[in-house]
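Everything on this sheet refers to the single structure shown next.
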Amino acid sequence: MSNNSTLHIHKFPFNEEILNNPFEQVPYIKDNWPLIYILTGRNEHDEKVAYIGETQDVYKRFAKHLKNDLKSKLTQLFLITCGRFNKSATLDIESNLIQYFSGDKGHKLVNANIGLKNHSYYQKDTVYEPIFRAIWQELMGRKIVLKSLDYIKNRNLFKYSPYKSLSKGQAKSLQRIMKTLLDDSKRNIIVEGGAGTGKTILNIFLFKLMHTDISAFNFASLELDDINFLATVKALKEKFPSPKMALIVPVSSFRGTLKKVFNNIEGLHESMVVAPHEISKQKFDIVLVDEAHRLRRRKLLGSYFNDFDTACALLGFDKESSTELQWLQKEDRTQKLILFYDKFQSVRPSDILPNDFLLLKSYSNSTTITLSHQLRLKGGTKYVSHIHNLLNCTLQPGTAVYASKEYDFLMIDSFRDFVDKIKSRDDEIGLSRLTAGYAWKWHSKKNKNKPDIIIDNISLYWNRTLSDWINSKNAIDEVGCIHTVQGYDLNYAGVIFGKEITYNKDKNEIVIRKENYYDTVGKSGIDNATLKNFIINIYTTLLQRGMNGTYIYVCDKDLADYFAQYIKRADKPVSIPSLHEKNDQFTVPFYNLTAAAGSFSEQQRIKPLGYLPLPKGHSSSKDVFACTVRGESMNQIIPNGATCLFREYKGGSREGKIVLVQYAELQDDFDMGAGYTVKKYESTKRQAEDGQWEHITIKLLPLSNDPSYKPIELSQEDADNVKVIGILEAIYE
């Protein structure tokens, strides 16, 4: 199964016979060793369901499950045991299994969503992450799960799962929301938070919580904070024993996505996710509104005018003066209202005015809760603050160019390189997309063969669909607009700044060119100041889509010169030699492996792209190969983006050599991926009692002009998961 030789998955029928000690041959059970288990079966709708748990006392736990109406109907038991398990590890692996099962779509989970945590413990990354991957690989082999971990990470079912481990800040905010729901003097809850602060996860988590029977919670695994949290949940369920709830999503494309998510969560259904006008047809105990800043007023509604006017008539409002926010406040329609709001994401004249929310917040029956911790972007609040200051021209002269090892933020001068960068990221990690402001007409809407965006003789099309465009088949070859990306996560975002936005150096301000802005609905009937605010909000939102990085291309020279003061410009990429036909004597295989000249790269799936000619002075051999090295930590000898020739390492001294290193326990499983880095190898050894030499420490040293790059130091345990793949032979010119 893996080189974790004590890791096993044992299968049993799940019924009353399970209590008659069928586990005599299973290691660790008699000693009350912590383990993980999975129960599977089918629900009343004949859908596959699963329950995941961890325990040290299987008989006590299973006896309890057999008395539970839902779990007693499950029919198969899978016990996961390992000699390296401890309580922290099993809690963490249980949490990960629950999260990834929720995104796999093979089973609906019957778990509750309280008590999931991100556990930190010794050797979590070096030992237990590979064990978790090995477990998942075995579950795939047995057809219990269907998709790889890397595939699931990019799915909406995973990203918006209610089985996420809430941060401390989110958990506190959720506790405040629930206590406010219990307070009869409060009716409106406004949850304010910028892009990436976890608003959508929070409202889905609450929705699932309210639709899970209290008997489903695993009290034995709850910590003190969870028990206090659970007391609030119990009180809430007594107040709302069978709550009628709705999640209102104003943006139609994102609403369609969340409908699919709800359809794959046990206890929830797509009918619970509705458009704002549907409040006119039903009454609800609790209404949650995601992207509340996109609620509308009667202005430039296009085809939505009819639904808007019909809802006004049914609710008894004057259609000319009412708003969707007023509909939701109507007491005979909603008992409790929770609005998730970000004033910086209002992008059209039809959006509710900020003053309407300010007025609502001033009411005595309203409570405001603020989410401030950045959860989406690896650049954190530093990056968010930088782009807000950048677009509002509040950065002080002499402010340093934004730099972060965790977040890749670059301005790329060549449009070809910009497009290629996003496509290469999509090849490497997936879910990387091009986006743009409304600086081009939508020609292809009427003529599908006429391109919309032409820059440097490269033709591109706006998104061909408004429904879940990011996950659509041809998305990587198209450009998304604000309405198809708002609310979504990307791994990497490419943002094109069009010629509707420029910079006035003398006044130090962003200037909008209304004639170059082609969202006619978005600019009609508003003054220039309001339009500027919308356009700034659009770009602010687009710049906060990419979790790992954002690349920008700027059409206007004045704006590009301004940005260049505060954003790192990408180096001119080193060109890759042209691919050739295979020739055993004169070519070498070129792989899509991208080695990081920094820390270890993201997990990758490796495949050959073709063949390159051998560098001058090098002879052909079956043990040489080529790949790309990116980053600045080896820039004294390897330029960022260079193609390098490596010789496969088959033994012998590595001391002082430039090595390509793979970090993964499952060395040969490219489906699961691995991280790679290029560094100078240095080690210290000692002679053991048996006369054999063993490593004390291994260092992977950077050779960089940037002193911020530090050596990677590996312990003996870490070294077990590190494999030297190749020794540097040459760098392509």
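Please note that chains go A, B, ... in the order of the structure tokens, that every chain numbers its residues from 1, and that ligands are numbered from 1 in the order shown.
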
Contacts of Ile501 (chain A) within 8 Å, only C-alpha atoms, excl. fewer than 3 positions in-chain, as a PyMOL selection string
chain A and resi 497-498+510-513+556+559

Run DSSP on the backbone and grab whatever in region 515-589 of chain A lands in alpha helix (DSSP H); send it over as a PDB file with N, CA and C atoms, in the first residue's frame.
ATOM      1  N   THR A 520     -22.432  49.116 -20.741  1.00  0.00           N
ATOM      2  CA  THR A 520     -23.398  50.213 -20.888  1.00  0.00           C
ATOM      3  C   THR A 520     -24.358  50.284 -19.706  1.00  0.00           C
ATOM      4  N   VAL A 521     -24.733  49.114 -19.180  1.00  0.00           N
ATOM      5  CA  VAL A 521     -25.602  49.097 -18.000  1.00  0.00           C
ATOM      6  C   VAL A 521     -24.845  49.622 -16.790  1.00  0.00           C
ATOM      7  N   GLY A 522     -23.552  49.348 -16.751  1.00  0.00           N
ATOM      8  CA  GLY A 522     -22.747  49.720 -15.597  1.00  0.00           C
ATOM      9  C   GLY A 522     -22.385  51.190 -15.530  1.00  0.00           C
ATOM     10  N   LYS A 523     -22.545  51.939 -16.650  1.00  0.00           N
ATOM     11  CA  LYS A 523     -22.149  53.352 -16.608  1.00  0.00           C
ATOM     12  C   LYS A 523     -23.304  54.312 -16.916  1.00  0.00           C
ATOM     13  N   ASN A 528     -19.238  60.690 -13.039  1.00  0.00           N
ATOM     14  CA  ASN A 528     -17.895  60.125 -13.187  1.00  0.00           C
ATOM     15  C   ASN A 528     -17.318  59.626 -11.867  1.00  0.00           C
ATOM     16  N   ALA A 529     -17.627  60.306 -10.785  1.00  0.00           N
ATOM     17  CA  ALA A 529     -17.100  59.891  -9.483  1.00  0.00           C
ATOM     18  C   ALA A 529     -17.643  58.526  -9.081  1.00  0.00           C
ATOM     19  N   THR A 530     -18.941  58.329  -9.336  1.00  0.00           N
ATOM     20  CA  THR A 530     -19.550  57.035  -9.010  1.00  0.00           C
ATOM     21  C   THR A 530     -18.992  55.937  -9.909  1.00  0.00           C
ATOM     22  N   LEU A 531     -18.842  56.244 -11.204  1.00  0.00           N
ATOM     23  CA  LEU A 531     -18.279  55.259 -12.131  1.00  0.00           C
ATOM     24  C   LEU A 531     -16.862  54.882 -11.712  1.00  0.00           C
ATOM     25  N   LYS A 532     -16.079  55.878 -11.329  1.00  0.00           N
ATOM     26  CA  LYS A 532     -14.713  55.580 -10.881  1.00  0.00           C
ATOM     27  C   LYS A 532     -14.737  54.636  -9.685  1.00  0.00           C
ATOM     28  N   ASN A 533     -15.637  54.870  -8.765  1.00  0.00           N
ATOM     29  CA  ASN A 533     -15.745  54.010  -7.590  1.00  0.00           C
ATOM     30  C   ASN A 533     -16.067  52.571  -7.984  1.00  0.00           C
ATOM     31  N   PHE A 534     -16.997  52.403  -8.960  1.00  0.00           N
ATOM     32  CA  PHE A 534     -17.345  51.061  -9.421  1.00  0.00           C
ATOM     33  C   PHE A 534     -16.148  50.377 -10.084  1.00  0.00           C
ATOM     34  N   ILE A 535     -15.436  51.112 -10.936  1.00  0.00           N
ATOM     35  CA  ILE A 535     -14.308  50.510 -11.656  1.00  0.00           C
ATOM     36  C   ILE A 535     -13.184  50.142 -10.687  1.00  0.00           C
ATOM     37  N   ILE A 536     -12.926  51.007  -9.715  1.00  0.00           N
ATOM     38  CA  ILE A 536     -11.925  50.672  -8.697  1.00  0.00           C
ATOM     39  C   ILE A 536     -12.352  49.412  -7.942  1.00  0.00           C
ATOM     40  N   ASN A 537     -13.639  49.316  -7.606  1.00  0.00           N
ATOM     41  CA  ASN A 537     -14.140  48.136  -6.901  1.00  0.00           C
ATOM     42  C   ASN A 537     -14.002  46.876  -7.752  1.00  0.00           C
ATOM     43  N   ILE A 538     -14.257  47.010  -9.062  1.00  0.00           N
ATOM     44  CA  ILE A 538     -14.116  45.854  -9.955  1.00  0.00           C
ATOM     45  C   ILE A 538     -12.689  45.326  -9.926  1.00  0.00           C
ATOM     46  N   TYR A 539     -11.724  46.227 -10.101  1.00  0.00           N
ATOM     47  CA  TYR A 539     -10.335  45.769 -10.119  1.00  0.00           C
ATOM     48  C   TYR A 539      -9.871  45.296  -8.735  1.00  0.00           C
ATOM     49  N   THR A 540     -10.362  45.937  -7.687  1.00  0.00           N
ATOM     50  CA  THR A 540     -10.028  45.480  -6.337  1.00  0.00           C
ATOM     51  C   THR A 540     -10.513  44.046  -6.135  1.00  0.00           C
ATOM     52  N   THR A 541     -11.706  43.753  -6.626  1.00  0.00           N
ATOM     53  CA  THR A 541     -12.273  42.411  -6.492  1.00  0.00           C
ATOM     54  C   THR A 541     -11.503  41.400  -7.333  1.00  0.00           C
ATOM     55  N   LEU A 542     -11.197  41.767  -8.586  1.00  0.00           N
ATOM     56  CA  LEU A 542     -10.453  40.850  -9.449  1.00  0.00           C
ATOM     57  C   LEU A 542      -9.074  40.536  -8.869  1.00  0.00           C
ATOM     58  N   LYS A 557       0.047  53.063 -20.608  1.00  0.00           N
ATOM     59  CA  LYS A 557       1.440  53.260 -20.206  1.00  0.00           C
ATOM     60  C   LYS A 557       1.571  54.057 -18.911  1.00  0.00           C
ATOM     61  N   ASP A 558       0.778  55.121 -18.756  1.00  0.00           N
ATOM     62  CA  ASP A 558       0.880  55.934 -17.546  1.00  0.00           C
ATOM     63  C   ASP A 558       0.522  55.118 -16.302  1.00  0.00           C
ATOM     64  N   LEU A 559      -0.508  54.297 -16.431  1.00  0.00           N
ATOM     65  CA  LEU A 559      -0.888  53.454 -15.296  1.00  0.00           C
ATOM     66  C   LEU A 559       0.194  52.408 -15.024  1.00  0.00           C
ATOM     67  N   ALA A 560       0.759  51.843 -16.087  1.00  0.00           N
ATOM     68  CA  ALA A 560       1.823  50.844 -15.925  1.00  0.00           C
ATOM     69  C   ALA A 560       3.034  51.448 -15.220  1.00  0.00           C
ATOM     70  N   ASP A 561       3.395  52.680 -15.597  1.00  0.00           N
ATOM     71  CA  ASP A 561       4.543  53.338 -14.963  1.00  0.00           C
ATOM     72  C   ASP A 561       4.271  53.596 -13.480  1.00  0.00           C
ATOM     73  N   TYR A 562       3.033  53.966 -13.173  1.00  0.00           N
ATOM     74  CA  TYR A 562       2.664  54.178 -11.764  1.00  0.00           C
ATOM     75  C   TYR A 562       2.737  52.867 -10.985  1.00  0.00           C
ATOM     76  N   PHE A 563       2.138  51.805 -11.527  1.00  0.00           N
ATOM     77  CA  PHE A 563       2.148  50.508 -10.853  1.00  0.00           C
ATOM     78  C   PHE A 563       3.570  49.994 -10.651  1.00  0.00           C
ATOM     79  N   ALA A 564       4.447  50.264 -11.628  1.00  0.00           N
ATOM     80  CA  ALA A 564       5.814  49.732 -11.566  1.00  0.00           C
ATOM     81  C   ALA A 564       6.584  50.246 -10.351  1.00  0.00           C
TER      82      ALA A 564
END

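Around Phe590 (chain A), within 6 Å and counting only C-alpha atoms, the residues found are Pro608, Leu609, Gly610, Tyr611, Ala626 and Cys627 of chain A, once anything fewer than 4 positions away on its own chain is removed.
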
Take the residues just selected and output them with N, CA and C atoms as a compact mmCIF listing (two decimals), in the first residue's frame.
# COMPACT_ATOMS: atom_id res chain seq x y z
N PRO A 608 5.88 14.10 -19.75
CA PRO A 608 6.80 14.64 -20.75
C PRO A 608 6.06 15.52 -21.74
N LEU A 609 6.68 16.66 -22.08
CA LEU A 609 6.10 17.57 -23.06
C LEU A 609 6.67 17.35 -24.47
N GLY A 610 7.85 16.77 -24.54
CA GLY A 610 8.50 16.56 -25.83
C GLY A 610 9.99 16.40 -25.63
N TYR A 611 10.78 16.80 -26.64
CA TYR A 611 12.23 16.59 -26.60
C TYR A 611 12.96 17.87 -27.00
N ALA A 626 15.48 17.25 -19.05
CA ALA A 626 15.43 18.70 -18.90
C ALA A 626 14.11 19.12 -18.25
N CYS A 627 14.15 20.23 -17.53
CA CYS A 627 12.94 20.81 -16.95
C CYS A 627 13.21 22.29 -16.67

Can you pull out the residues contacting Tyr732 (chain A)? Cut-off 12 Å, using only C-alpha atoms, and skip same-chain residues under 6 positions away; I want them as number ranges by chain.
A: 574-578, 612-618, 626-629, 637-639, 641-646

Separation of CA of Arg464 (chain A) and CA of Asn447 (chain A), in Å?
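Those two atoms sit 11.5 Å apart.
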
Grab the CA of Lys699 (chain A) to CA of Ala403 (chain A) distance for me, in Å with one decimal place.
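CA of Ala403 (chain A) lies 25.0 Å from CA of Lys699 (chain A).
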
Within 12 Å of Asp468 (chain A), counting only C-alpha atoms, which residues qualify if same-chain residues fewer than 4 places away don't, as a PyMOL selection string?
chain A and resi 155-156+251-261+463-464+472-475+480+483-489

When DSSP works through the backbone of this structure, what residues of region 279-512 of chain A end up as strand (DSSP E), shown as a PyMOL selection string?
chain A and resi 284-289+334-341+366-371+408-411+432-436+453-455+458-462+478-480+490-497+501-504+509-512

Please dump the current selection as a JSON list (two decimals), in the first residue's frame; keep C-alpha atoms.
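Writing the result to result_11.json gives the following:
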[["chain", "number", "residue", "atom", "x", "y", "z"],
["A", 284, "PHE", "CA", -38.80, 32.17, 6.29],
["A", 285, "ASP", "CA", -37.56, 31.91, 9.86],
["A", 286, "ILE", "CA", -33.97, 32.76, 8.96],
["A", 287, "VAL", "CA", -32.70, 34.31, 5.73],
["A", 288, "LEU", "CA", -28.98, 34.54, 4.92],
["A", 289, "VAL", "CA", -27.78, 36.76, 2.05],
["A", 334, "THR", "CA", -38.32, 37.05, 7.47],
["A", 335, "GLN", "CA", -38.03, 36.60, 11.22],
["A", 336, "LYS", "CA", -34.21, 36.88, 11.27],
["A", 337, "LEU", "CA", -32.01, 38.38, 8.53],
["A", 338, "ILE", "CA", -28.24, 37.82, 8.16],
["A", 339, "LEU", "CA", -26.46, 39.89, 5.50],
["A", 340, "PHE", "CA", -22.86, 39.17, 4.41],
["A", 341, "TYR", "CA", -21.63, 42.48, 3.04],
["A", 366, "SER", "CA", -29.42, 45.48, 14.17],
["A", 367, "THR", "CA", -26.02, 44.03, 15.09],
["A", 368, "THR", "CA", -22.81, 44.40, 13.06],
["A", 369, "ILE", "CA", -20.08, 41.74, 13.10],
["A", 370, "THR", "CA", -16.73, 42.28, 11.37],
["A", 371, "LEU", "CA", -14.59, 39.59, 9.72],
["A", 408, "ASP", "CA", 3.31, 35.82, -6.27],
["A", 409, "PHE", "CA", 2.30, 39.35, -7.37],
["A", 410, "LEU", "CA", 3.84, 40.45, -10.67],
["A", 411, "MET", "CA", 3.27, 42.91, -13.49],
["A", 432, "SER", "CA", -5.91, 29.66, -13.07],
["A", 433, "ARG", "CA", -7.85, 32.12, -15.21],
["A", 434, "LEU", "CA", -7.62, 35.37, -17.19],
["A", 435, "THR", "CA", -9.92, 38.21, -16.11],
["A", 436, "ALA", "CA", -10.38, 41.82, -17.22],
["A", 453, "ILE", "CA", -10.10, 41.36, -26.93],
["A", 454, "ILE", "CA", -7.12, 41.82, -29.24],
["A", 455, "ILE", "CA", -3.78, 42.80, -27.69],
["A", 458, "ILE", "CA", -3.41, 37.88, -29.62],
["A", 459, "SER", "CA", -7.17, 37.36, -29.90],
["A", 460, "LEU", "CA", -9.30, 36.38, -26.92],
["A", 461, "TYR", "CA", -13.00, 35.99, -26.19],
["A", 462, "TRP", "CA", -15.09, 37.04, -23.22],
["A", 478, "GLU", "CA", -11.38, 32.84, -22.41],
["A", 479, "VAL", "CA", -11.45, 35.98, -20.27],
["A", 480, "GLY", "CA", -13.79, 36.27, -17.29],
["A", 490, "LEU", "CA", -8.79, 30.85, -8.14],
["A", 491, "ASN", "CA", -5.33, 29.44, -7.61],
["A", 492, "TYR", "CA", -3.82, 32.16, -9.83],
["A", 493, "ALA", "CA", -5.57, 35.15, -11.40],
["A", 494, "GLY", "CA", -4.44, 37.11, -14.42],
["A", 495, "VAL", "CA", -5.95, 40.61, -14.40],
["A", 496, "ILE", "CA", -5.96, 42.77, -17.55],
["A", 497, "PHE", "CA", -6.23, 46.51, -16.86],
["A", 501, "ILE", "CA", -8.38, 53.34, -16.44],
["A", 502, "THR", "CA", -5.24, 55.51, -16.40],
["A", 503, "TYR", "CA", -3.14, 57.59, -13.99],
["A", 504, "ASN", "CA", -2.53, 61.33, -13.70],
["A", 509, "GLU", "CA", -4.87, 60.02, -8.93],
["A", 510, "ILE", "CA", -6.52, 57.27, -10.91],
["A", 511, "VAL", "CA", -8.48, 58.69, -13.86],
["A", 512, "ILE", "CA", -11.38, 56.96, -15.63]]

Nearest to Lys441 (chain A) by atom-to-atom distance, counting only C-alpha atoms, from A:Ser303, A:Gln374, A:Asn516, A:Leu35
A:Asn516

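What separates CA of Leu74 (chain A) from CA of Pro243 (chain A) is a distance of 26.9 Å.
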